[in-house]
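Source file: coords.cif; contents: mmCIF, C-alpha atoms and all ligand atoms.
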data_run
#
loop_
_atom_site.label_atom_id
_atom_site.label_comp_id
_atom_site.auth_asym_id
_atom_site.auth_seq_id
_atom_site.Cartn_x
_atom_site.Cartn_y
_atom_site.Cartn_z
CA GLY B 1 57.96 -11.23 -244.32
CA TYR B 2 56.89 -10.75 -240.73
CA ALA B 3 56.94 -7.39 -239.00
CA PRO B 4 54.76 -6.25 -236.12
CA LEU B 5 51.88 -4.11 -237.36
CA SER B 6 51.27 -0.67 -235.90
CA GLU B 7 48.42 1.82 -235.89
CA ALA B 8 50.24 3.52 -238.78
CA THR B 9 50.81 0.44 -240.95
CA LEU B 10 47.54 -1.40 -240.36
CA PRO B 11 45.41 0.54 -242.91
CA ALA B 12 47.73 -0.48 -245.78
CA PHE B 13 47.52 -4.12 -244.70
CA LEU B 14 43.72 -4.01 -244.64
CA ALA B 15 43.47 -2.04 -247.88
CA ALA B 16 45.26 -4.88 -249.68
CA VAL B 17 42.40 -7.30 -248.88
CA PRO B 18 39.40 -6.10 -250.91
CA ALA B 19 36.74 -7.80 -248.78
CA LEU B 20 38.08 -6.14 -245.62
CA ALA B 21 38.50 -2.72 -247.25
CA ASN B 22 34.99 -2.94 -248.62
CA ARG B 23 33.60 -3.89 -245.24
CA LEU B 24 35.19 -0.83 -243.62
CA GLY B 25 33.99 1.48 -246.38
CA GLY B 26 35.51 4.83 -247.37
CA THR B 27 39.26 5.00 -247.91
CA PRO B 28 42.17 4.00 -245.62
CA ALA B 29 42.49 7.64 -244.61
CA ASP B 30 38.99 7.39 -243.08
CA TRP B 31 39.80 4.39 -240.87
CA ARG B 32 40.45 4.90 -237.16
CA VAL B 33 42.87 2.39 -235.64
CA ASN B 34 43.58 1.78 -231.95
CA GLU B 35 45.91 -0.80 -230.45
CA VAL B 36 44.02 -2.07 -227.40
CA GLY B 37 45.79 -5.32 -226.48
CA ASP B 38 45.82 -5.68 -222.71
CA GLY B 39 46.36 -9.44 -222.62
CA ASN B 40 49.59 -11.22 -221.89
CA LEU B 41 50.69 -12.21 -225.39
CA ASN B 42 49.67 -10.28 -228.53
CA LEU B 43 48.92 -7.08 -230.39
CA VAL B 44 45.20 -6.35 -230.79
CA PHE B 45 43.88 -3.54 -233.00
CA LEU B 46 40.34 -2.24 -233.30
CA VAL B 47 39.55 -0.55 -236.59
CA GLU B 48 36.52 1.55 -237.43
CA GLY B 49 35.50 2.75 -240.87
CA PRO B 50 32.55 4.73 -242.23
CA GLY B 51 30.89 1.52 -243.48
CA HIS B 52 27.88 1.80 -245.78
CA ASP B 53 24.42 3.34 -245.61
CA GLY B 54 25.41 5.57 -242.70
CA ARG B 55 26.32 2.64 -240.43
CA THR B 56 29.94 2.50 -239.22
CA ALA B 57 31.80 -0.78 -239.61
CA GLY B 58 34.48 -2.35 -237.45
CA LEU B 59 37.16 -5.03 -237.51
CA CYS B 60 39.47 -6.57 -234.94
CA VAL B 61 43.01 -7.57 -235.92
CA LYS B 62 45.06 -9.80 -233.65
CA GLN B 63 48.73 -10.36 -234.39
CA SER B 64 51.31 -12.59 -232.72
CA LEU B 65 54.40 -10.93 -231.33
CA PRO B 66 57.60 -13.01 -231.41
CA TYR B 67 57.76 -12.80 -227.63
CA LEU B 68 55.51 -12.88 -224.57
CA ARG B 69 54.13 -9.36 -224.25
CA LEU B 70 53.69 -9.65 -220.48
CA VAL B 71 57.43 -10.17 -219.99
CA GLY B 72 59.02 -8.64 -223.09
CA GLU B 73 61.53 -9.63 -225.77
CA GLY B 74 63.53 -11.70 -223.30
CA TRP B 75 60.87 -14.42 -223.50
CA PRO B 76 60.60 -15.53 -227.17
CA LEU B 77 57.33 -17.20 -228.16
CA ASP B 78 56.33 -19.07 -231.31
CA LEU B 79 54.59 -16.73 -233.79
CA ASN B 80 52.63 -19.64 -235.20
CA ARG B 81 50.17 -19.51 -232.29
CA ALA B 82 48.04 -17.33 -234.58
CA TRP B 83 47.73 -20.22 -237.04
CA PHE B 84 46.43 -22.52 -234.30
CA GLU B 85 44.02 -19.85 -233.13
CA GLN B 86 42.42 -19.26 -236.51
CA ARG B 87 42.27 -23.00 -237.22
CA ALA B 88 40.58 -23.62 -233.86
CA MET B 89 38.14 -20.78 -234.54
CA ALA B 90 37.16 -22.40 -237.82
CA LEU B 91 36.81 -25.89 -236.35
CA HIS B 92 34.93 -24.71 -233.27
CA ALA B 93 32.52 -22.64 -235.36
CA ALA B 94 31.18 -25.92 -236.73
CA GLY B 95 30.23 -27.15 -233.24
CA ALA B 96 29.20 -23.86 -231.65
CA ALA B 97 28.06 -21.45 -234.36
CA GLY B 98 27.69 -17.84 -233.24
CA ARG B 99 29.47 -18.24 -229.93
CA ALA B 100 32.73 -16.69 -231.19
CA PRO B 101 33.55 -13.69 -233.38
CA ALA B 102 33.37 -14.43 -237.10
CA LEU B 103 36.76 -15.22 -238.65
CA LEU B 104 37.24 -12.97 -241.70
CA HIS B 105 40.84 -13.37 -242.85
CA TYR B 106 44.19 -14.88 -241.92
CA ASP B 107 47.59 -13.65 -243.10
CA PRO B 108 50.14 -16.46 -242.62
CA ALA B 109 53.18 -14.23 -243.23
CA LEU B 110 52.16 -11.63 -240.66
CA TYR B 111 50.57 -14.16 -238.29
CA ALA B 112 47.59 -11.82 -238.21
CA ILE B 113 43.94 -12.80 -237.73
CA VAL B 114 41.17 -10.46 -238.85
CA MET B 115 37.82 -11.02 -237.21
CA GLU B 116 34.51 -9.37 -236.48
CA ARG B 117 34.80 -6.50 -233.98
CA LEU B 118 32.48 -7.19 -231.08
CA SER B 119 30.55 -4.15 -229.94
CA PRO B 120 29.33 -3.19 -227.36
CA HIS B 121 30.79 -6.32 -225.75
CA VAL B 122 33.19 -6.12 -222.80
CA ILE B 123 35.59 -8.65 -221.34
CA LEU B 124 33.58 -10.81 -218.92
CA ARG B 125 36.16 -10.49 -216.15
CA ARG B 126 35.82 -6.70 -216.15
CA GLY B 127 32.04 -6.95 -215.96
CA LEU B 128 32.20 -9.45 -213.10
CA VAL B 129 34.57 -7.24 -211.11
CA GLN B 130 32.08 -4.40 -211.52
CA GLY B 131 29.28 -6.64 -210.28
CA ILE B 132 27.32 -6.82 -213.55
CA ARG B 133 25.03 -9.81 -214.14
CA TYR B 134 24.95 -11.67 -217.44
CA PRO B 135 21.72 -13.70 -217.47
CA LYS B 136 22.66 -15.66 -220.60
CA LEU B 137 26.21 -16.52 -219.58
CA ALA B 138 25.68 -20.09 -218.39
CA GLU B 139 23.44 -20.95 -221.32
CA HIS B 140 25.86 -19.58 -223.90
CA VAL B 141 29.10 -20.88 -222.38
CA SER B 142 27.55 -24.33 -221.94
CA ASP B 143 26.53 -24.21 -225.63
CA TYR B 144 30.10 -23.38 -226.56
CA LEU B 145 31.65 -26.04 -224.33
CA ALA B 146 29.27 -28.86 -225.25
CA GLY B 147 29.31 -27.96 -228.94
CA THR B 148 33.06 -27.57 -229.41
CA LEU B 149 34.17 -30.42 -227.15
CA TYR B 150 31.65 -32.95 -228.38
CA ALA B 151 32.12 -32.14 -232.08
CA THR B 152 35.90 -32.61 -231.95
CA SER B 153 35.91 -35.76 -229.79
CA ASP B 154 36.07 -39.45 -230.70
CA LEU B 155 32.37 -39.60 -229.90
CA ALA B 156 31.57 -37.44 -232.93
CA LEU B 157 34.56 -37.73 -235.26
CA PRO B 158 35.69 -40.91 -237.04
CA ALA B 159 39.30 -41.70 -236.10
CA SER B 160 40.51 -41.10 -239.65
CA LYS B 161 39.28 -37.51 -239.40
CA LYS B 162 40.34 -36.85 -235.83
CA ARG B 163 43.89 -38.25 -235.98
CA PRO B 164 45.23 -35.76 -238.58
CA LEU B 165 43.76 -32.93 -236.51
CA VAL B 166 45.43 -34.23 -233.37
CA ALA B 167 48.72 -34.37 -235.30
CA ALA B 168 48.33 -30.81 -236.62
CA PHE B 169 47.62 -29.35 -233.18
CA THR B 170 50.41 -31.34 -231.53
CA ALA B 171 52.66 -28.72 -233.14
CA ASN B 172 51.22 -26.10 -230.76
CA ASP B 173 53.99 -27.32 -228.51
CA ALA B 174 55.24 -23.90 -227.38
CA LEU B 175 51.92 -22.87 -225.88
CA CYS B 176 51.26 -26.28 -224.35
CA ARG B 177 54.65 -26.14 -222.65
CA LEU B 178 53.88 -22.65 -221.40
CA THR B 179 50.72 -23.98 -219.74
CA GLU B 180 52.55 -27.00 -218.34
CA ASP B 181 55.18 -24.72 -216.80
CA VAL B 182 53.17 -21.77 -215.52
CA ILE B 183 50.10 -23.67 -214.35
CA PHE B 184 51.21 -27.11 -213.24
CA THR B 185 54.86 -26.72 -212.22
CA GLN B 186 56.16 -23.28 -211.27
CA PRO B 187 53.55 -22.29 -208.64
CA TYR B 188 54.58 -25.33 -206.61
CA MET B 189 58.30 -24.51 -206.46
CA LYS B 190 60.62 -21.54 -205.96
CA HIS B 191 60.78 -19.95 -209.40
CA PRO B 192 61.74 -16.48 -210.64
CA HIS B 193 58.50 -16.26 -212.66
CA ASN B 194 56.34 -16.57 -209.55
CA ARG B 195 55.04 -13.51 -207.78
CA TRP B 196 52.32 -12.68 -205.33
CA THR B 197 51.14 -9.26 -204.40
CA SER B 198 50.60 -9.75 -200.70
CA PRO B 199 53.60 -10.39 -198.40
CA GLN B 200 50.96 -11.97 -196.15
CA LEU B 201 51.09 -14.91 -198.59
CA ASP B 202 54.81 -15.67 -198.12
CA ALA B 203 54.12 -18.38 -195.54
CA THR B 204 51.32 -19.89 -197.63
CA ALA B 205 53.55 -20.06 -200.71
CA GLU B 206 56.24 -21.73 -198.61
CA ALA B 207 53.66 -24.21 -197.28
CA VAL B 208 52.57 -25.05 -200.84
CA ARG B 209 56.16 -25.88 -201.76
CA THR B 210 56.32 -28.48 -198.98
CA ASP B 211 52.80 -29.84 -199.48
CA THR B 212 53.45 -33.18 -201.16
CA ALA B 213 49.76 -34.03 -201.58
CA TRP B 214 49.15 -30.72 -203.39
CA LYS B 215 52.23 -31.14 -205.59
CA LEU B 216 51.20 -34.70 -206.42
CA ALA B 217 47.71 -33.53 -207.39
CA ALA B 218 49.20 -30.80 -209.62
CA SER B 219 51.48 -33.35 -211.30
CA ARG B 220 48.62 -35.80 -211.88
CA LEU B 221 46.65 -33.02 -213.51
CA LYS B 222 49.69 -32.08 -215.56
CA LEU B 223 49.94 -35.64 -216.85
CA LYS B 224 46.25 -35.61 -217.70
CA PHE B 225 46.77 -32.34 -219.59
CA MET B 226 49.74 -33.75 -221.50
CA ALA B 227 48.38 -37.18 -222.35
CA SER B 228 44.60 -36.99 -222.95
CA PRO B 229 43.81 -35.97 -226.54
CA GLU B 230 40.05 -36.10 -225.95
CA ALA B 231 38.92 -33.09 -227.97
CA LEU B 232 40.11 -29.81 -229.49
CA ILE B 233 40.08 -27.69 -226.36
CA HIS B 234 40.25 -23.89 -226.21
CA GLY B 235 43.14 -24.23 -223.80
CA ASP B 236 42.78 -20.87 -221.99
CA LEU B 237 39.08 -20.45 -221.21
CA HIS B 238 39.29 -17.98 -218.34
CA THR B 239 36.93 -15.03 -217.85
CA GLY B 240 39.31 -12.82 -219.86
CA SER B 241 38.68 -15.03 -222.92
CA ILE B 242 34.96 -14.32 -223.03
CA MET B 243 33.26 -11.15 -224.27
CA VAL B 244 29.74 -10.35 -223.19
CA THR B 245 26.71 -8.13 -223.30
CA GLU B 246 23.61 -8.87 -221.27
CA THR B 247 22.23 -10.82 -224.22
CA ASP B 248 25.27 -12.14 -226.11
CA THR B 249 28.39 -14.15 -225.24
CA ARG B 250 31.42 -14.79 -227.46
CA VAL B 251 34.52 -16.84 -226.73
CA ILE B 252 37.78 -15.34 -228.00
CA ASP B 253 41.51 -16.19 -228.02
CA PRO B 254 41.83 -19.96 -228.60
CA GLU B 255 45.56 -19.69 -229.34
CA PHE B 256 46.35 -22.36 -226.73
CA ALA B 257 44.11 -24.83 -228.58
CA PHE B 258 45.23 -28.44 -228.90
CA PHE B 259 43.74 -31.90 -228.42
CA GLY B 260 43.62 -32.20 -224.66
CA PRO B 261 41.34 -33.13 -221.76
CA MET B 262 37.84 -31.64 -221.97
CA GLY B 263 37.88 -31.01 -218.23
CA PHE B 264 40.61 -28.40 -218.72
CA ASP B 265 38.20 -26.01 -220.49
CA VAL B 266 35.28 -26.75 -218.18
CA GLY B 267 37.51 -26.38 -215.13
CA ALA B 268 39.07 -23.15 -216.42
CA ILE B 269 35.78 -21.30 -216.50
CA ILE B 270 34.47 -22.83 -213.26
CA GLY B 271 37.74 -22.02 -211.48
CA ASN B 272 37.77 -18.43 -212.71
CA LEU B 273 34.15 -17.92 -211.61
CA LEU B 274 34.90 -19.37 -208.16
CA LEU B 275 37.92 -17.08 -207.88
CA ASN B 276 35.69 -14.16 -208.82
CA TYR B 277 33.12 -15.20 -206.20
CA LEU B 278 35.76 -15.17 -203.45
CA SER B 279 37.26 -11.89 -204.71
CA GLN B 280 33.95 -10.02 -204.46
CA ASP B 281 34.41 -9.44 -200.71
CA GLY B 282 37.34 -7.24 -201.65
CA HIS B 283 35.10 -5.05 -203.81
CA ALA B 284 32.02 -4.81 -201.59
CA THR B 285 31.28 -1.52 -199.85
CA GLU B 286 28.56 -0.56 -197.36
CA GLU B 287 26.67 1.25 -200.11
CA HIS B 288 27.24 -1.59 -202.58
CA PRO B 289 27.24 -4.95 -200.80
CA ARG B 290 28.00 -7.86 -203.11
CA ASP B 291 26.24 -10.77 -201.32
CA ALA B 292 23.37 -11.05 -203.79
CA TYR B 293 25.83 -10.79 -206.66
CA GLN B 294 27.96 -13.55 -205.16
CA ASP B 295 24.85 -15.75 -205.03
CA TRP B 296 24.38 -15.04 -208.74
CA VAL B 297 27.99 -16.03 -209.51
CA LEU B 298 27.57 -19.37 -207.73
CA ALA B 299 24.17 -19.96 -209.34
CA THR B 300 25.91 -19.39 -212.69
CA VAL B 301 28.55 -21.99 -211.82
CA GLU B 302 25.82 -24.51 -210.99
CA GLU B 303 23.79 -23.71 -214.09
CA LEU B 304 26.84 -23.82 -216.33
CA TRP B 305 27.83 -27.33 -215.28
CA THR B 306 24.24 -28.63 -215.23
CA LEU B 307 23.52 -27.30 -218.72
CA PHE B 308 26.86 -28.46 -220.10
CA ARG B 309 26.25 -31.99 -218.83
CA ALA B 310 22.72 -32.12 -220.26
CA LYS B 311 23.76 -30.69 -223.64
CA PHE B 312 26.79 -32.97 -223.98
CA LEU B 313 24.65 -36.02 -223.14
CA HIS B 314 22.00 -34.90 -225.61
CA LEU B 315 24.57 -34.54 -228.41
CA TRP B 316 25.98 -37.98 -227.64
CA ARG B 317 22.55 -39.62 -227.57
CA THR B 318 21.39 -38.01 -230.79
CA SER B 319 24.44 -37.69 -233.03
CA GLY B 320 27.14 -40.18 -232.08
CA GLU B 321 29.02 -40.88 -235.31
CA GLY B 322 32.53 -41.33 -233.98
CA ASP B 323 34.39 -44.62 -233.89
CA ALA B 324 34.29 -44.95 -230.11
CA TYR B 325 31.35 -47.01 -228.81
CA PRO B 326 30.30 -48.53 -232.18
CA ALA B 327 26.49 -48.58 -232.41
CA ALA B 328 26.56 -52.18 -233.62
CA LEU B 329 27.87 -53.30 -230.21
CA PHE B 330 25.04 -51.64 -228.29
CA ALA B 331 21.89 -52.66 -230.13
CA GLY B 332 18.76 -53.74 -228.22
CA PRO B 333 17.41 -52.64 -224.83
CA GLU B 334 20.32 -54.06 -222.82
CA GLY B 335 22.91 -52.36 -225.04
CA THR B 336 21.00 -49.07 -224.93
CA ALA B 337 20.79 -49.12 -221.13
CA CYS B 338 24.43 -50.10 -220.79
CA LEU B 339 25.55 -47.27 -223.11
CA GLU B 340 23.44 -44.75 -221.18
CA THR B 341 25.14 -45.80 -217.93
CA GLU B 342 28.48 -45.43 -219.65
CA ARG B 343 27.63 -41.90 -220.83
CA ARG B 344 26.80 -40.85 -217.27
CA THR B 345 30.01 -42.39 -215.95
CA TYR B 346 31.94 -40.51 -218.65
CA LEU B 347 30.40 -37.21 -217.56
CA ASP B 348 31.13 -38.00 -213.87
CA ARG B 349 34.78 -38.54 -214.76
CA LEU B 350 34.84 -35.33 -216.81
CA PHE B 351 33.37 -33.47 -213.80
CA THR B 352 36.11 -34.79 -211.52
CA ASP B 353 38.78 -33.73 -214.03
CA ALA B 354 37.21 -30.28 -214.30
CA LEU B 355 37.27 -29.72 -210.53
CA GLY B 356 40.97 -30.58 -210.31
CA PHE B 357 41.77 -28.28 -213.21
CA ALA B 358 39.62 -25.53 -211.66
CA GLY B 359 41.78 -25.73 -208.52
CA ALA B 360 44.98 -25.57 -210.56
CA LYS B 361 43.72 -22.56 -212.50
CA ILE B 362 42.91 -20.72 -209.26
CA THR B 363 46.28 -21.52 -207.68
CA ARG B 364 48.31 -20.28 -210.65
CA ARG B 365 46.52 -16.91 -210.60
CA ILE B 366 47.71 -16.29 -207.03
CA LEU B 367 51.14 -17.89 -206.78
CA GLY B 368 52.29 -18.01 -210.42
CA LEU B 369 53.29 -15.53 -213.12
CA ALA B 370 49.96 -14.32 -214.55
CA HIS B 371 47.40 -12.83 -212.18
CA ASN B 372 43.74 -11.75 -212.37
CA MET B 373 42.33 -8.26 -211.90
CA ASP B 374 39.57 -9.81 -209.73
CA LEU B 375 42.12 -10.04 -206.90
CA GLU B 376 44.78 -7.58 -208.09
CA THR B 377 42.40 -4.60 -207.97
CA ILE B 378 41.45 -5.11 -204.31
CA ALA B 379 42.89 -1.96 -202.75
CA ASP B 380 43.19 -3.07 -199.12
CA PRO B 381 46.22 -5.41 -198.94
CA ASP B 382 44.94 -7.32 -195.90
CA LEU B 383 41.56 -7.88 -197.49
CA ARG B 384 43.22 -8.96 -200.74
CA ALA B 385 45.40 -11.43 -198.85
CA LEU B 386 42.33 -12.79 -197.06
CA CYS B 387 40.51 -13.33 -200.38
CA GLU B 388 43.61 -14.93 -201.90
CA THR B 389 44.04 -17.23 -198.89
CA ARG B 390 40.42 -18.37 -199.18
CA CYS B 391 40.91 -18.98 -202.93
CA LEU B 392 43.96 -21.12 -202.21
CA ALA B 393 42.11 -23.14 -199.54
CA LEU B 394 39.31 -23.92 -202.00
CA ALA B 395 41.79 -24.62 -204.81
CA ARG B 396 43.77 -27.09 -202.71
CA SER B 397 40.64 -28.92 -201.68
CA LEU B 398 39.39 -29.19 -205.28
CA MET B 399 42.75 -30.61 -206.34
CA VAL B 400 43.64 -32.85 -203.40
CA GLU B 401 40.21 -33.88 -202.08
CA THR B 402 38.37 -34.01 -205.39
CA GLY B 403 36.40 -37.07 -204.25
CA ARG B 404 34.63 -34.92 -201.65
CA TYR B 405 32.73 -33.19 -204.46
CA PRO B 406 30.22 -35.51 -206.13
CA THR B 407 27.96 -32.69 -207.34
CA ILE B 408 28.32 -29.09 -208.46
CA LYS B 409 26.19 -28.07 -205.44
CA SER B 410 28.83 -29.58 -203.15
CA VAL B 411 31.40 -27.35 -204.87
CA THR B 412 29.40 -24.14 -204.44
CA GLU B 413 28.67 -25.10 -200.81
CA ALA B 414 32.41 -25.49 -200.23
CA ALA B 415 33.00 -22.05 -201.77
CA ARG B 416 30.40 -20.54 -199.39
CA HIS B 417 32.01 -22.35 -196.47
CA VAL B 418 35.50 -21.09 -197.37
CA ARG B 419 34.13 -17.55 -197.59
CA ARG B 420 33.00 -17.81 -193.97
CA THR B 421 36.49 -18.80 -192.76
C1 LIG B 501 53.09 -16.40 -219.23
S1 LIG B 501 51.63 -16.88 -218.69
C2 LIG B 501 50.52 -16.08 -219.71
C3 LIG B 501 49.15 -16.56 -219.53
O1 LIG B 501 48.33 -15.72 -220.27
C4 LIG B 501 47.44 -16.48 -221.03
O2 LIG B 501 46.18 -15.93 -220.98
C5 LIG B 501 47.51 -17.87 -220.47
O3 LIG B 501 46.61 -18.04 -219.42
C6 LIG B 501 48.91 -17.95 -220.04
O4 LIG B 501 49.12 -18.96 -219.08
MG MG B 502 44.43 -15.19 -224.08
#

Give the structure from the file, written as structure tokens.
Ligand code: SR1
Ligand code: MG
Amino acid sequence: GYAPLSEATLPAFLAAVPALANRLGGTPADWRVNEVGDGNLNLVFLVEGPGHDGRTAGLCVKQSLPYLRLVGEGWPLDLNRAWFEQRAMALHAAGAAGRAPALLHYDPALYAIVMERLSPHVILRRGLVQGIRYPKLAEHVSDYLAGTLYATSDLALPASKKRPLVAAFTANDALCRLTEDVIFTQPYMKHPHNRWTSPQLDATAEAVRTDTAWKLAASRLKLKFMASPEALIHGDLHTGSIMVTETDTRVIDPEFAFFGPMGFDVGAIIGNLLLNYLSQDGHATEEHPRDAYQDWVLATVEELWTLFRAKFLHLWRTSGEGDAYPAALFAGPEGTACLETERRTYLDRLFTDALGFAGAKITRRILGLAHNMDLETIADPDLRALCETRCLALARSLMVETGRYPTIKSVTEAARHVRRT
């Protein structure tokens, strides 16, 4: 039966799985366990054992709690999110090998996932707030996005393979509804879950609630989220769901995975990077100005989209085995040219979706329930409010005036412009 694990009970759980015990080495008494979960939902344990040949070994264990950790037991949440997470990890590994921690074990009764412990990786968001550059970030995240989204789409999978997967992930209803509520609905209304740190934002939040164009844009995006089973998306790809070193990048936490719009994942990471860019002014000091770092963040946004687009197109051109766009209909030079135009149109549409979702992801982090340390750790309340106000201006424009942004450069230019206001 299910019971939450603890630092005291975890060794016995691991000792019962020979492959895990062997990996840790020594005996359970030698294993050091720390609960380190600082996310909104789950328990996370890091375990270290003596390993073999003088090299220590580590594991990470993630377990669902029957409620939302951020709020407490008053907000029950489906335990089965762990099943969706480990299933998504397995399916995504096929499209983007090496860009996530290795999945080692799943316990369906305890809703516990055992995976490779990443070391010396840190959460990307923490590194960004400290002003650390990650030269491989765009290359690796674009590998992950293109690989996972393409491989699970109708462009790569025959319908008879994709449809049962769509059906299985449709059952991740609890987490989809959470997203629908906290991202697309609650920030645009008076709701007890909403909070913002700066009283300076009271008037802005009130203005959002009466901004019909903004609410309409949020609702259109919500519909797209609910009714576009394009690919198996991560579903929560913010900068807290990525672990990094200067040379390695791993995506973690796909518990919100379901078949949804690809632009939601692409927009999540772009939106979180843009939010970070605008938050940097709250962390700059005279001794440590952040302007050059901010240029790096925007260059990363540009590179990420450009590489994603190129890699996705390459996969489609070279390995299209899905049932959409049957090859037999596009034989000959005319068919080839026509299909190539179609591919570019598809990517243009995906880009537009991503920008809208990026705006929605920024808005929810300022006016909704769950916030980001990028903004929350700005000590000066006036400066924090200024950064938040700039974020909201950019977010609204991405959602309401999406057509103004035909290229990723136009997006980064808008971010620079907002920063000057
Ligand atoms: C209750 S909202 C919790 C949030 O944390 C997760 O990381 C998701 O972003 C979710 O929306
Ligand atoms: Mg998460």

*Work out how far atom CA of Ser228 of chain B is from atom CA of Gly260 of chain B, in Å to one decimal.*
5.2 Å

Could you make a table, as CSV, of the residues of chain B that have an atom within 12 Å of an atom of ligand MG 502 (chain B), each with its nearest atom pair and distance in Å to one decimal, counting only C-alpha atoms and all ligand atoms, in chain and number order?
residue,atom,partner,partner_atom,distance
B:Gly37,CA,B:MG502,MG,10.2
B:Asp38,CA,B:MG502,MG,9.7
B:Gly39,CA,B:MG502,MG,6.2
B:Asn40,CA,B:MG502,MG,6.9
B:Leu41,CA,B:MG502,MG,7.1
B:Asn42,CA,B:MG502,MG,8.4
B:Leu43,CA,B:MG502,MG,11.2
B:Val44,CA,B:MG502,MG,11.1
B:Lys62,CA,B:MG502,MG,11.0
B:Ser64,CA,B:MG502,MG,11.3
B:Leu68,CA,B:MG502,MG,11.3
B:Arg69,CA,B:MG502,MG,11.3
B:Leu70,CA,B:MG502,MG,11.4
B:Arg81,CA,B:MG502,MG,10.9
B:Ala82,CA,B:MG502,MG,11.3
B:Glu85,CA,B:MG502,MG,10.2
B:Ile123,CA,B:MG502,MG,11.3
B:Leu175,CA,B:MG502,MG,10.9
B:Thr179,CA,B:MG502,MG,11.6
B:His234,CA,B:MG502,MG,9.9
B:Gly235,CA,B:MG502,MG,9.1
B:Asp236,CA,B:MG502,MG,6.3
B:Leu237,CA,B:MG502,MG,8.0
B:His238,CA,B:MG502,MG,8.2
B:Thr239,CA,B:MG502,MG,9.8
B:Gly240,CA,B:MG502,MG,7.0
B:Ser241,CA,B:MG502,MG,5.9
B:Ile242,CA,B:MG502,MG,9.6
B:Met243,CA,B:MG502,MG,11.9
B:Val251,CA,B:MG502,MG,10.4
B:Ile252,CA,B:MG502,MG,7.7
B:Asp253,CA,B:MG502,MG,5.0
B:Pro254,CA,B:MG502,MG,7.1
B:Glu255,CA,B:MG502,MG,7.0
B:Phe256,CA,B:MG502,MG,7.9
B:Ala257,CA,B:MG502,MG,10.6
B:Ala370,CA,B:MG502,MG,11.1

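Each of B:Thr185, B:Ser219, B:Thr285, B:Thr249 was checked against ligand LIG 501 (chain B) using only C-alpha atoms and all ligand atoms; the smallest atom-to-atom distance is that of B:Thr185.
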
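With only C-alpha atoms taken into account, the protein and nucleic acid residues at most 10 Å from Arg344 of chain B (excluding it and anything under 5 positions from it in its own chain) are Arg309, Leu313, Leu339, Arg349 and Leu350 of chain B.
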
*What is the atom CA of Ala415 of chain B to atom CA of Leu275 of chain B distance in Å?*
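Taking atom CA of Ala415 of chain B and atom CA of Leu275 of chain B, their separation equals 9.3 Å.
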
_Non-local contacts of Phe13 of chain B (12 Å; all atoms listed in the file; under 2 positions in same chain excluded) as number ranges by chain_ = B: 3-11, 15-18, 20-21, 28, 47, 61, 105-107, 109-110, 112-114

Axis-aligned box over every listed atom of ligand LIG 501 (chain B), padded by 6 Å per side: centre and edges in Å to one decimal, as JSON?
{"center_x": 49.6, "center_y": -17.3, "center_z": -219.9, "size_x": 18.9, "size_y": 15.2, "size_z": 14.3}

Would you list the residues near (38.8, -19.0, -237.9) (no more than 8 Å away, in the coordinates of the file, using only C-alpha atoms) as a short mmCIF file (atom, residue, chain, number, x, y, z; two decimals) with C-alpha atoms, keeping the file's coordinate frame?
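out-v6.cif was written with the following content:
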data_model
loop_
_atom_site.label_atom_id
_atom_site.label_comp_id
_atom_site.auth_asym_id
_atom_site.auth_seq_id
_atom_site.Cartn_x
_atom_site.Cartn_y
_atom_site.Cartn_z
CA GLU B 85 44.02 -19.85 -233.13
CA GLN B 86 42.42 -19.26 -236.51
CA ARG B 87 42.27 -23.00 -237.22
CA ALA B 88 40.58 -23.62 -233.86
CA MET B 89 38.14 -20.78 -234.54
CA ALA B 90 37.16 -22.40 -237.82
CA LEU B 91 36.81 -25.89 -236.35
CA ALA B 93 32.52 -22.64 -235.36
CA ALA B 102 33.37 -14.43 -237.10
CA LEU B 103 36.76 -15.22 -238.65
CA LEU B 104 37.24 -12.97 -241.70
CA HIS B 105 40.84 -13.37 -242.85
CA TYR B 106 44.19 -14.88 -241.92
#

*Two-atom distance - atom CA of Ala96 of chain B, atom CA of Leu315 of chain B (Å)*: 12.1 Å
